[in-house]
>>> print(open('coords_16.pdb').read())   # PDB, C-alpha atoms
MODEL        1
ATOM      1  CA  MET A 749     116.683 109.164  67.551
ATOM      2  CA  ILE A 750     115.990 110.169  71.105
ATOM      3  CA  PHE A 751     117.486 106.941  72.566
ATOM      4  CA  SER A 752     120.909 107.462  70.982
ATOM      5  CA  ARG A 753     121.149 110.924  72.519
ATOM      6  CA  SER A 754     120.079 109.884  75.990
ATOM      7  CA  PRO A 755     121.841 106.808  77.368
ATOM      8  CA  ARG A 756     120.395 107.567  80.798
ATOM      9  CA  LEU A 757     116.867 107.262  79.435
ATOM     10  CA  VAL A 758     117.717 103.926  77.813
ATOM     11  CA  MET A 759     119.233 102.638  81.048
ATOM     12  CA  LEU A 760     116.203 103.796  83.027
ATOM     13  CA  LEU A 761     113.837 102.021  80.634
ATOM     14  CA  VAL A 762     115.904  98.810  80.866
ATOM     15  CA  ILE A 763     115.806  98.926  84.667
ATOM     16  CA  ILE A 764     112.060  99.574  84.737
ATOM     17  CA  CYS A 765     111.414  96.672  82.356
ATOM     18  CA  ALA A 766     113.630  94.360  84.407
ATOM     19  CA  VAL A 767     111.885  95.282  87.647
ATOM     20  CA  LEU A 768     108.417  94.907  86.179
ATOM     21  CA  SER A 769     109.184  91.558  84.563
ATOM     22  CA  SER A 770     110.735  90.161  87.748
ATOM     23  CA  CYS A 771     107.779  91.036  90.010
ATOM     24  CA  LYS A 772     105.657  88.072  90.922
ATOM     25  CA  SER A 773     102.054  88.604  91.804
ATOM     26  CA  LYS A 774     101.380  87.284  95.289
ATOM     27  CA  LYS A 775      97.785  86.576  96.133
ATOM     28  CA  ALA A 776      96.333  85.212  99.337
ATOM     29  CA  VAL A 777      94.343  82.037  98.791
ATOM     30  CA  LEU A 778      91.914  80.521 101.283
ATOM     31  CA  LYS A 779      92.901  76.860 101.227
ATOM     32  CA  GLY A 780      90.990  74.107 102.967
ATOM     33  CA  SER A 781      87.486  74.442 104.360
ATOM     34  CA  PRO A 782      86.117  76.698 107.110
ATOM     35  CA  GLY A 783      87.346  75.358 110.429
ATOM     36  CA  ASP A 784      90.511  73.843 108.930
ATOM     37  CA  VAL A 785      93.875  75.117 110.111
ATOM     38  CA  VAL A 786      96.170  75.100 107.089
ATOM     39  CA  LYS A 787      99.738  76.275 106.746
ATOM     40  CA  PRO A 788      99.944  79.901 105.586
ATOM     41  CA  GLN A 789     101.710  80.979 102.446
ATOM     42  CA  ALA A 790     105.298  82.045 103.227
ATOM     43  CA  PHE A 791     104.801  85.708 102.316
ATOM     44  CA  ILE A 792     101.688  85.845 104.539
ATOM     45  CA  ALA A 793     103.509  84.321 107.530
ATOM     46  CA  GLU A 794     106.414  86.739 107.050
ATOM     47  CA  LYS A 795     104.189  89.809 106.717
ATOM     48  CA  TYR A 796     101.934  89.167 109.716
ATOM     49  CA  ALA A 797     104.743  87.915 111.945
ATOM     50  CA  GLY A 798     106.446  91.249 111.274
ATOM     51  CA  ILE A 799     103.315  93.282 112.005
ATOM     52  CA  MET A 800     102.614  91.509 115.304
ATOM     53  CA  GLY A 801     106.186  90.932 116.449
ATOM     54  CA  VAL A 802     105.976  87.137 116.575
ATOM     55  CA  SER A 803     107.851  84.273 114.964
ATOM     56  CA  GLU A 804     106.729  83.182 111.501
ATOM     57  CA  ASN A 805     106.006  79.791 113.098
ATOM     58  CA  ASP A 806     103.401  81.509 115.305
ATOM     59  CA  ILE A 807     101.389  82.393 112.191
ATOM     60  CA  ALA A 808      99.827  78.941 112.036
ATOM     61  CA  ASN A 809      96.271  79.505 110.777
ATOM     62  CA  GLY A 810      96.671  80.125 107.050
ATOM     63  CA  ARG A 811      92.928  80.555 106.496
ATOM     64  CA  LEU A 812      92.793  83.351 109.068
ATOM     65  CA  TYR A 813      95.760  85.341 107.811
ATOM     66  CA  ASN A 814      94.921  84.785 104.143
ATOM     67  CA  PHE A 815      91.405  86.068 104.893
ATOM     68  CA  ILE A 816      92.901  89.139 106.554
ATOM     69  CA  GLU A 817      95.242  89.668 103.601
ATOM     70  CA  GLN A 818      92.295  89.570 101.184
ATOM     71  CA  TRP A 819      90.387  92.173 103.210
ATOM     72  CA  TYR A 820      93.285  94.331 104.476
ATOM     73  CA  GLY A 821      92.756  97.962 103.504
ATOM     74  CA  THR A 822      89.125  97.488 102.436
ATOM     75  CA  PRO A 823      87.423 100.791 103.238
ATOM     76  CA  TYR A 824      84.834 101.095 105.992
ATOM     77  CA  LYS A 825      81.229 101.292 104.834
ATOM     78  CA  PHE A 826      78.341 101.133 107.292
ATOM     79  CA  GLY A 827      76.258  98.073 106.441
ATOM     80  CA  GLY A 828      78.844  96.911 103.891
ATOM     81  CA  MET A 829      79.868  93.307 103.447
ATOM     82  CA  ASP A 830      82.010  93.288 100.319
ATOM     83  CA  HIS A 831      85.388  94.529  99.125
ATOM     84  CA  ASP A 832      83.894  97.905  98.164
ATOM     85  CA  GLY A 833      83.301  98.514 101.869
ATOM     86  CA  VAL A 834      82.680  96.604 105.075
ATOM     87  CA  ASP A 835      81.723  97.564 108.601
ATOM     88  CA  CYS A 836      83.104  96.058 111.795
ATOM     89  CA  SER A 837      80.326  93.549 112.452
ATOM     90  CA  GLY A 838      80.191  92.545 108.789
ATOM     91  CA  LEU A 839      83.926  91.823 108.771
ATOM     92  CA  THR A 840      83.584  89.830 112.005
ATOM     93  CA  LEU A 841      80.654  87.826 110.645
ATOM     94  CA  LEU A 842      82.472  87.039 107.374
ATOM     95  CA  LEU A 843      85.686  86.098 109.178
ATOM     96  CA  GLN A 844      83.892  83.761 111.574
ATOM     97  CA  GLN A 845      82.021  82.095 108.685
ATOM     98  CA  GLN A 846      84.882  81.777 106.213
ATOM     99  CA  VAL A 847      87.718  80.992 108.629
ATOM    100  CA  TYR A 848      86.042  79.050 111.436
ATOM    101  CA  GLY A 849      82.767  77.886 109.870
ATOM    102  CA  ILE A 850      80.791  79.623 112.620
ATOM    103  CA  THR A 851      77.605  81.614 112.064
ATOM    104  CA  ILE A 852      77.088  84.633 114.297
ATOM    105  CA  PRO A 853      74.520  87.460 114.215
ATOM    106  CA  ARG A 854      75.053  90.338 111.779
ATOM    107  CA  ASN A 855      75.186  93.320 114.135
ATOM    108  CA  THR A 856      77.466  94.163 117.035
ATOM    109  CA  GLY A 857      74.612  94.501 119.526
ATOM    110  CA  LYS A 858      73.675  90.864 118.944
ATOM    111  CA  GLN A 859      77.231  89.575 118.510
ATOM    112  CA  ILE A 860      77.944  90.536 122.123
ATOM    113  CA  ASN A 861      75.368  87.899 123.142
ATOM    114  CA  ALA A 862      77.257  85.251 121.143
ATOM    115  CA  ILE A 863      80.317  85.211 123.382
ATOM    116  CA  LYS A 864      81.389  83.564 126.582
ATOM    117  CA  ARG A 865      83.170  86.373 128.380
ATOM    118  CA  LYS A 866      86.895  86.084 129.135
ATOM    119  CA  TYR A 867      89.467  88.157 130.917
ATOM    120  CA  GLU A 868      91.755  90.089 128.602
ATOM    121  CA  GLU A 869      94.769  87.868 129.346
ATOM    122  CA  GLU A 870      92.723  84.773 128.406
ATOM    123  CA  LEU A 871      91.873  85.972 124.886
ATOM    124  CA  GLN A 872      92.806  83.608 122.072
ATOM    125  CA  GLU A 873      92.827  83.706 118.296
ATOM    126  CA  GLY A 874      89.304  84.122 116.926
ATOM    127  CA  ASP A 875      87.790  85.641 120.074
ATOM    128  CA  LEU A 876      85.617  88.712 119.634
ATOM    129  CA  VAL A 877      86.613  91.991 121.280
ATOM    130  CA  PHE A 878      84.113  94.799 121.842
ATOM    131  CA  PHE A 879      84.497  98.535 122.308
ATOM    132  CA  ASP A 880      82.242 101.356 123.518
ATOM    133  CA  PHE A 881      82.870 104.247 121.128
ATOM    134  CA  ASP A 882      80.964 107.548 121.346
ATOM    135  CA  GLY A 883      79.390 106.543 124.653
ATOM    136  CA  LYS A 884      77.511 103.667 123.004
ATOM    137  CA  LYS A 885      77.816 100.241 124.605
ATOM    138  CA  PHE A 886      79.284  97.572 122.323
ATOM    139  CA  SER A 887      79.350  99.864 119.293
ATOM    140  CA  HIS A 888      82.451  98.299 117.722
ATOM    141  CA  VAL A 889      83.847  94.784 117.350
ATOM    142  CA  GLY A 890      87.054  93.169 116.161
ATOM    143  CA  VAL A 891      88.642  89.729 116.195
ATOM    144  CA  TYR A 892      91.555  88.946 118.491
ATOM    145  CA  LEU A 893      94.632  87.499 116.782
ATOM    146  CA  GLN A 894      97.605  86.983 119.108
ATOM    147  CA  ASN A 895     100.273  88.842 121.045
ATOM    148  CA  GLY A 896      97.787  91.603 121.928
ATOM    149  CA  TYR A 897      96.699  92.331 118.325
ATOM    150  CA  LEU A 898      93.288  92.344 116.676
ATOM    151  CA  VAL A 899      91.854  92.872 113.222
ATOM    152  CA  HIS A 900      88.941  95.241 112.737
ATOM    153  CA  ALA A 901      87.290  97.585 110.258
ATOM    154  CA  SER A 902      88.314 101.088 111.274
ATOM    155  CA  THR A 903      85.957 103.872 110.240
ATOM    156  CA  ARG A 904      88.957 105.998 109.179
ATOM    157  CA  ARG A 905      91.463 103.478 107.822
ATOM    158  CA  GLY A 906      89.410 100.453 106.804
ATOM    159  CA  VAL A 907      90.361  96.871 107.623
ATOM    160  CA  MET A 908      93.561  96.852 109.634
ATOM    161  CA  ILE A 909      95.464  95.249 112.484
ATOM    162  CA  VAL A 910      96.048  97.184 115.706
ATOM    163  CA  LYS A 911      97.296  96.495 119.188
ATOM    164  CA  LEU A 912      94.470  96.080 121.686
ATOM    165  CA  ARG A 913      96.416  98.220 124.146
ATOM    166  CA  ASP A 914      96.893 101.021 121.619
ATOM    167  CA  PRO A 915      95.740 104.080 123.608
ATOM    168  CA  SER A 916      93.271 105.137 120.911
ATOM    169  CA  MET A 917      91.544 101.745 121.186
ATOM    170  CA  TYR A 918      92.153 100.493 124.688
ATOM    171  CA  LYS A 919      90.410 103.330 126.478
ATOM    172  CA  TYR A 920      87.206 102.153 124.767
ATOM    173  CA  PHE A 921      87.765  98.399 125.287
ATOM    174  CA  SER A 922      84.692  96.882 126.902
ATOM    175  CA  ARG A 923      84.992  93.089 126.845
ATOM    176  CA  GLY A 924      86.037  90.068 124.886
ATOM    177  CA  GLY A 925      85.242  86.419 124.694
ATOM    178  CA  SER A 926      84.960  83.274 122.647
ATOM    179  CA  VAL A 927      81.987  82.563 120.435
ATOM    180  CA  SER A 928      79.594  80.114 122.101
ATOM    181  CA  ASN A 929      76.164  78.637 121.423
ATOM    182  CA  THR A 930      76.372  79.890 117.833
ATOM    183  CA  THR A 931      73.750  77.524 116.427
ATOM    184  CA  ASN A 932      71.049  78.768 118.786
ATOM    185  CA  ILE A 933      72.015  82.422 118.446
ATOM    186  CA  ALA A 934      72.056  82.314 114.644
ATOM    187  CA  GLN A 935      68.678  80.535 114.537
ATOM    188  CA  ASN A 936      67.085  82.975 116.974
ATOM    189  CA  GLU A 937      68.075  86.057 115.021
TER     190      GLU A 937
ENDMDL
END
>>> encode(input="coords_16.pdb", output="structure tokens")
Amino acid sequence: MIFSRSPRLVMLLVIICAVLSSCKSKKAVLKGSPGDVVKPQAFIAEKYAGIMGVSENDIANGRLYNFIEQWYGTPYKFGGMDHDGVDCSGLTLLLQQQVYGITIPRNTGKQINAIKRKYEEELQEGDLVFFDFDGKKFSHVGVYLQNGYLVHASTRRGVMIVKLRDPSMYKYFSRGGSVSNTTNIAQNE
């Protein structure tokens, strides 16, 4: 038998089986209803606190970070709004609906009209941040998180979290603000 001749192979198989059987599947779950702030799952709080350099206690909105976890890494697809591919304004629309219970327009050019403008240092969780890529005004949008970070759908890397002041992003930063008058904007679209 091959196993009696190769104790290393047997040991390797035992280790692999032990590792695979001890792994627990962790899945982000959107608890509560849109607009509710619920406690995040422990692994979510740990992960996003590490990414953004904050305390796990600062990761307070479980719906927000569980939403991000569900979408993280989803590839960019112009016009997309599902896990096969999503664009920046589609991600922003879905996040605002599912996390905050707010309806905003579908495209970036109209989303800019849905905000009350703020200075950069006034930005808060859930605010929209806009960028002017390729010389086009308000051609990209993301959602501000905290500690200078935002979530967005990158054309190259899909849904991800980046620092607003990352040089590759910040030089294109145009404006940010909180969503306002959403009922009228959504009805007028």
>>> residues_around(input="coords_16.pdb", residues="A:Gly828", least_positions_apart="6", cutoff="8 Å", atoms="all atoms listed in the file", output="number ranges by chain")
A: 834-835, 838
>>> residues_near_point(input="coords_16.pdb", point="(85.8, 93.8, 116.1)", cutoff="6 Å", atoms="all atoms listed in the file", output="PyMOL selection string")
chain A and resi 836+877+888-891+900
>>> resolve_selection(input="coords_16.pdb", expression="the PyMOL selection byres ((chain A and resi 817) around 12)", output="PyMOL selection string")
chain A and resi 774-778+788-789+791-793+795-796+810-816+818-822+831+843+899+907-909
>>> residues_near_point(input="coords_16.pdb", point="(98.2, 75.6, 109.7)", cutoff="7 Å", atoms="all atoms listed in the file", output="list in words")
Val785, Val786, Lys787, Pro788, Ala808, Asn809 and Gly810 of chain A
>>> atom_distance(input="coords_16.pdb", atom1="atom CA of A:Ala862", atom2="atom CA of A:Leu898")
18.1 Å
>>> closest_residue(input="coords_16.pdb", among="A:Val927, A:Leu841, A:Ala901, A:Leu876", to="A:Phe826", atoms="all atoms listed in the file")
A:Ala901
>>> axis_aligned_box(input="coords_16.pdb", around="stretch 786-789 of chain A", padding_each_side="4 Å", output="JSON")
{"center_x": 98.9, "center_y": 78.0, "center_z": 104.8, "size_x": 13.5, "size_y": 13.9, "size_z": 12.6}
>>> atom_distance(input="coords_16.pdb", atom1="atom CA of A:Met800", atom2="atom CA of A:Phe878")
19.9 Å
>>> closest_residue(input="coords_16.pdb", among="A:Gly833, A:Pro853, A:Gly925, A:Gly906", to="A:Glu870", atoms="all atoms listed in the file")
A:Gly925
>>> atom_distance(input="coords_16.pdb", atom1="atom CA of A:Arg913", atom2="atom CA of A:Asn895")
10.6 Å
>>> resolve_selection(input="coords_16.pdb", expression="the PyMOL selection byres ((chain A and resi 856) around 7)", output="ChimeraX atom specification")
/A:837,854-855,857-860,886-889
>>> residues_around(input="coords_16.pdb", residues="A:Phe881", least_positions_apart="2", cutoff="12 Å", atoms="all atoms listed in the file", output="ChimeraX atom specification")
/A:878-879,883-889,902-903,916-922
>>> closest_residue(input="coords_16.pdb", among="A:Lys825, A:Ile863, A:Asp875, A:Glu804", to="A:Arg905", atoms="all atoms listed in the file")
A:Lys825
>>> closest_residue(input="coords_16.pdb", among="A:Arg904, A:Lys911, A:Arg923, A:Lys864", to="A:Gly801", atoms="only C-alpha atoms")
A:Lys911
>>> closest_residue(input="coords_16.pdb", among="A:Gly780, A:Gly924, A:Gly827, A:Pro915", to="A:Gly849", atoms="all atoms listed in the file")
A:Gly780
>>> residues_around(input="coords_16.pdb", residues="A:Pro782", least_positions_apart="4", cutoff="6 Å", atoms="all atoms listed in the file", output="JSON, numbers by chain")
{"A": [846, 847, 848, 849]}
>>> decode(input="coords_16.pdb", residues="stretch 774-916 of chain A", atoms="C-alpha atoms", output="PDB file, in the first residue's frame")
ATOM      1  CA  LYS A 774     -18.416  32.835   8.061  1.00  0.00           C
ATOM      2  CA  LYS A 775     -21.080  34.671   6.146  1.00  0.00           C
ATOM      3  CA  ALA A 776     -22.180  38.265   6.480  1.00  0.00           C
ATOM      4  CA  VAL A 777     -25.872  38.586   7.254  1.00  0.00           C
ATOM      5  CA  LEU A 778     -27.910  41.772   6.924  1.00  0.00           C
ATOM      6  CA  LYS A 779     -29.845  41.818  10.185  1.00  0.00           C
ATOM      7  CA  GLY A 780     -32.601  44.267  10.996  1.00  0.00           C
ATOM      8  CA  SER A 781     -34.331  46.503   8.477  1.00  0.00           C
ATOM      9  CA  PRO A 782     -32.945  49.280   6.266  1.00  0.00           C
ATOM     10  CA  GLY A 783     -32.221  52.268   8.473  1.00  0.00           C
ATOM     11  CA  ASP A 784     -31.575  50.139  11.572  1.00  0.00           C
ATOM     12  CA  VAL A 785     -28.146  50.249  13.174  1.00  0.00           C
ATOM     13  CA  VAL A 786     -27.412  46.742  14.425  1.00  0.00           C
ATOM     14  CA  LYS A 787     -24.309  45.348  16.053  1.00  0.00           C
ATOM     15  CA  PRO A 788     -21.919  43.821  13.504  1.00  0.00           C
ATOM     16  CA  GLN A 789     -20.796  40.234  13.600  1.00  0.00           C
ATOM     17  CA  ALA A 790     -17.468  39.922  15.455  1.00  0.00           C
ATOM     18  CA  PHE A 791     -15.454  38.819  12.419  1.00  0.00           C
ATOM     19  CA  ILE A 792     -16.850  41.765  10.415  1.00  0.00           C
ATOM     20  CA  ALA A 793     -15.948  44.299  13.125  1.00  0.00           C
ATOM     21  CA  GLU A 794     -12.445  42.826  13.399  1.00  0.00           C
ATOM     22  CA  LYS A 795     -11.845  42.795   9.640  1.00  0.00           C
ATOM     23  CA  TYR A 796     -13.022  46.335   8.878  1.00  0.00           C
ATOM     24  CA  ALA A 797     -11.469  47.848  11.997  1.00  0.00           C
ATOM     25  CA  GLY A 798      -8.167  46.422  10.760  1.00  0.00           C
ATOM     26  CA  ILE A 799      -8.624  47.754   7.227  1.00  0.00           C
ATOM     27  CA  MET A 800      -9.490  51.280   8.386  1.00  0.00           C
ATOM     28  CA  GLY A 801      -7.234  51.483  11.430  1.00  0.00           C
ATOM     29  CA  VAL A 802     -10.011  52.036  13.970  1.00  0.00           C
ATOM     30  CA  SER A 803     -11.196  50.276  17.102  1.00  0.00           C
ATOM     31  CA  GLU A 804     -13.596  47.362  16.664  1.00  0.00           C
ATOM     32  CA  ASN A 805     -16.050  49.422  18.738  1.00  0.00           C
ATOM     33  CA  ASP A 806     -16.002  52.061  15.974  1.00  0.00           C
ATOM     34  CA  ILE A 807     -17.513  49.523  13.565  1.00  0.00           C
ATOM     35  CA  ALA A 808     -21.017  50.132  14.882  1.00  0.00           C
ATOM     36  CA  ASN A 809     -23.300  49.816  11.844  1.00  0.00           C
ATOM     37  CA  GLY A 810     -23.555  46.074  11.234  1.00  0.00           C
ATOM     38  CA  ARG A 811     -25.875  46.497   8.244  1.00  0.00           C
ATOM     39  CA  LEU A 812     -23.338  48.722   6.494  1.00  0.00           C
ATOM     40  CA  TYR A 813     -20.294  46.530   7.018  1.00  0.00           C
ATOM     41  CA  ASN A 814     -22.182  43.292   6.376  1.00  0.00           C
ATOM     42  CA  PHE A 815     -23.418  44.819   3.103  1.00  0.00           C
ATOM     43  CA  ILE A 816     -19.839  45.709   2.191  1.00  0.00           C
ATOM     44  CA  GLU A 817     -18.674  42.203   3.098  1.00  0.00           C
ATOM     45  CA  GLN A 818     -21.317  40.680   0.811  1.00  0.00           C
ATOM     46  CA  TRP A 819     -20.230  42.872  -2.111  1.00  0.00           C
ATOM     47  CA  TYR A 820     -16.466  43.101  -1.447  1.00  0.00           C
ATOM     48  CA  GLY A 821     -14.512  41.950  -4.491  1.00  0.00           C
ATOM     49  CA  THR A 822     -17.526  41.939  -6.828  1.00  0.00           C
ATOM     50  CA  PRO A 823     -16.124  42.834 -10.247  1.00  0.00           C
ATOM     51  CA  TYR A 824     -16.920  46.135 -11.938  1.00  0.00           C
ATOM     52  CA  LYS A 825     -19.468  45.964 -14.741  1.00  0.00           C
ATOM     53  CA  PHE A 826     -20.863  49.105 -16.351  1.00  0.00           C
ATOM     54  CA  GLY A 827     -24.615  49.146 -15.759  1.00  0.00           C
ATOM     55  CA  GLY A 828     -24.373  46.128 -13.442  1.00  0.00           C
ATOM     56  CA  MET A 829     -26.343  45.787 -10.242  1.00  0.00           C
ATOM     57  CA  ASP A 830     -25.739  42.220  -9.111  1.00  0.00           C
ATOM     58  CA  HIS A 831     -22.934  40.053  -7.765  1.00  0.00           C
ATOM     59  CA  ASP A 832     -21.796  39.195 -11.303  1.00  0.00           C
ATOM     60  CA  GLY A 833     -20.810  42.845 -11.696  1.00  0.00           C
ATOM     61  CA  VAL A 834     -21.742  46.272 -10.397  1.00  0.00           C
ATOM     62  CA  ASP A 835     -20.796  49.813 -11.313  1.00  0.00           C
ATOM     63  CA  CYS A 836     -20.121  52.658  -8.899  1.00  0.00           C
ATOM     64  CA  SER A 837     -23.558  54.276  -8.997  1.00  0.00           C
ATOM     65  CA  GLY A 838     -25.294  50.899  -8.830  1.00  0.00           C
ATOM     66  CA  LEU A 839     -23.331  49.958  -5.710  1.00  0.00           C
ATOM     67  CA  THR A 840     -24.130  53.348  -4.154  1.00  0.00           C
ATOM     68  CA  LEU A 841     -27.831  53.022  -4.959  1.00  0.00           C
ATOM     69  CA  LEU A 842     -28.018  49.480  -3.531  1.00  0.00           C
ATOM     70  CA  LEU A 843     -26.088  50.447  -0.400  1.00  0.00           C
ATOM     71  CA  GLN A 844     -28.306  53.453   0.281  1.00  0.00           C
ATOM     72  CA  GLN A 845     -31.459  51.346  -0.208  1.00  0.00           C
ATOM     73  CA  GLN A 846     -30.421  48.246   1.718  1.00  0.00           C
ATOM     74  CA  VAL A 847     -28.474  49.886   4.549  1.00  0.00           C
ATOM     75  CA  TYR A 848     -30.230  53.215   5.085  1.00  0.00           C
ATOM     76  CA  GLY A 849     -33.622  52.700   3.420  1.00  0.00           C
ATOM     77  CA  ILE A 850     -33.003  55.692   1.149  1.00  0.00           C
ATOM     78  CA  THR A 851     -33.857  55.809  -2.549  1.00  0.00           C
ATOM     79  CA  ILE A 852     -31.503  57.788  -4.764  1.00  0.00           C
ATOM     80  CA  PRO A 853     -31.238  58.114  -8.561  1.00  0.00           C
ATOM     81  CA  ARG A 854     -29.484  55.352 -10.510  1.00  0.00           C
ATOM     82  CA  ASN A 855     -26.694  57.280 -12.228  1.00  0.00           C
ATOM     83  CA  THR A 856     -23.846  59.370 -10.874  1.00  0.00           C
ATOM     84  CA  GLY A 857     -24.860  62.485 -12.806  1.00  0.00           C
ATOM     85  CA  LYS A 858     -28.189  62.536 -10.973  1.00  0.00           C
ATOM     86  CA  GLN A 859     -26.850  61.301  -7.630  1.00  0.00           C
ATOM     87  CA  ILE A 860     -24.774  64.480  -7.368  1.00  0.00           C
ATOM     88  CA  ASN A 861     -28.075  66.405  -7.191  1.00  0.00           C
ATOM     89  CA  ALA A 862     -29.199  64.246  -4.248  1.00  0.00           C
ATOM     90  CA  ILE A 863     -26.625  65.583  -1.806  1.00  0.00           C
ATOM     91  CA  LYS A 864     -26.252  68.529   0.493  1.00  0.00           C
ATOM     92  CA  ARG A 865     -22.634  69.502  -0.019  1.00  0.00           C
ATOM     93  CA  LYS A 866     -20.175  69.262   2.884  1.00  0.00           C
ATOM     94  CA  TYR A 867     -16.555  70.081   3.441  1.00  0.00           C
ATOM     95  CA  GLU A 868     -14.273  67.061   3.402  1.00  0.00           C
ATOM     96  CA  GLU A 869     -13.646  67.192   7.165  1.00  0.00           C
ATOM     97  CA  GLU A 870     -17.421  67.141   7.797  1.00  0.00           C
ATOM     98  CA  LEU A 871     -18.045  63.874   5.930  1.00  0.00           C
ATOM     99  CA  GLN A 872     -19.811  61.162   7.905  1.00  0.00           C
ATOM    100  CA  GLU A 873     -20.697  57.526   7.390  1.00  0.00           C
ATOM    101  CA  GLY A 874     -23.091  57.109   4.466  1.00  0.00           C
ATOM    102  CA  ASP A 875     -22.218  60.380   2.720  1.00  0.00           C
ATOM    103  CA  LEU A 876     -21.610  60.232  -1.016  1.00  0.00           C
ATOM    104  CA  VAL A 877     -18.222  61.220  -2.426  1.00  0.00           C
ATOM    105  CA  PHE A 878     -17.759  62.147  -6.084  1.00  0.00           C
ATOM    106  CA  PHE A 879     -14.757  62.121  -8.388  1.00  0.00           C
ATOM    107  CA  ASP A 880     -13.957  63.602 -11.804  1.00  0.00           C
ATOM    108  CA  PHE A 881     -12.120  60.857 -13.690  1.00  0.00           C
ATOM    109  CA  ASP A 882     -11.005  61.247 -17.321  1.00  0.00           C
ATOM    110  CA  GLY A 883     -11.907  64.936 -17.313  1.00  0.00           C
ATOM    111  CA  LYS A 884     -15.598  64.140 -16.805  1.00  0.00           C
ATOM    112  CA  LYS A 885     -17.395  65.933 -13.985  1.00  0.00           C
ATOM    113  CA  PHE A 886     -18.886  63.618 -11.358  1.00  0.00           C
ATOM    114  CA  SER A 887     -18.008  60.469 -13.292  1.00  0.00           C
ATOM    115  CA  HIS A 888     -17.456  58.292 -10.211  1.00  0.00           C
ATOM    116  CA  VAL A 889     -19.099  57.912  -6.806  1.00  0.00           C
ATOM    117  CA  GLY A 890     -18.415  56.078  -3.569  1.00  0.00           C
ATOM    118  CA  VAL A 891     -19.773  56.029  -0.032  1.00  0.00           C
ATOM    119  CA  TYR A 892     -17.804  57.533   2.837  1.00  0.00           C
ATOM    120  CA  LEU A 893     -17.222  55.218   5.801  1.00  0.00           C
ATOM    121  CA  GLN A 894     -15.017  56.708   8.528  1.00  0.00           C
ATOM    122  CA  ASN A 895     -11.444  57.672   9.322  1.00  0.00           C
ATOM    123  CA  GLY A 896     -10.923  58.906   5.747  1.00  0.00           C
ATOM    124  CA  TYR A 897     -12.057  55.669   4.034  1.00  0.00           C
ATOM    125  CA  LEU A 898     -14.731  54.994   1.437  1.00  0.00           C
ATOM    126  CA  VAL A 899     -16.196  52.013  -0.358  1.00  0.00           C
ATOM    127  CA  HIS A 900     -16.585  52.087  -4.123  1.00  0.00           C
ATOM    128  CA  ALA A 901     -16.666  49.919  -7.231  1.00  0.00           C
ATOM    129  CA  SER A 902     -13.263  50.273  -8.855  1.00  0.00           C
ATOM    130  CA  THR A 903     -13.132  49.633 -12.590  1.00  0.00           C
ATOM    131  CA  ARG A 904      -9.921  47.607 -12.115  1.00  0.00           C
ATOM    132  CA  ARG A 905     -10.380  45.888  -8.753  1.00  0.00           C
ATOM    133  CA  GLY A 906     -14.130  45.758  -8.184  1.00  0.00           C
ATOM    134  CA  VAL A 907     -15.810  46.645  -4.898  1.00  0.00           C
ATOM    135  CA  MET A 908     -13.186  47.724  -2.401  1.00  0.00           C
ATOM    136  CA  ILE A 909     -12.321  50.108   0.406  1.00  0.00           C
ATOM    137  CA  VAL A 910      -9.746  52.851  -0.155  1.00  0.00           C
ATOM    138  CA  LYS A 911      -8.509  55.926   1.627  1.00  0.00           C
ATOM    139  CA  LEU A 912     -10.034  59.113   0.244  1.00  0.00           C
ATOM    140  CA  ARG A 913      -6.607  60.742   0.400  1.00  0.00           C
ATOM    141  CA  ASP A 914      -4.969  57.915  -1.545  1.00  0.00           C
ATOM    142  CA  PRO A 915      -3.071  59.826  -4.264  1.00  0.00           C
ATOM    143  CA  SER A 916      -4.656  57.793  -7.063  1.00  0.00           C
TER     144      SER A 916
END
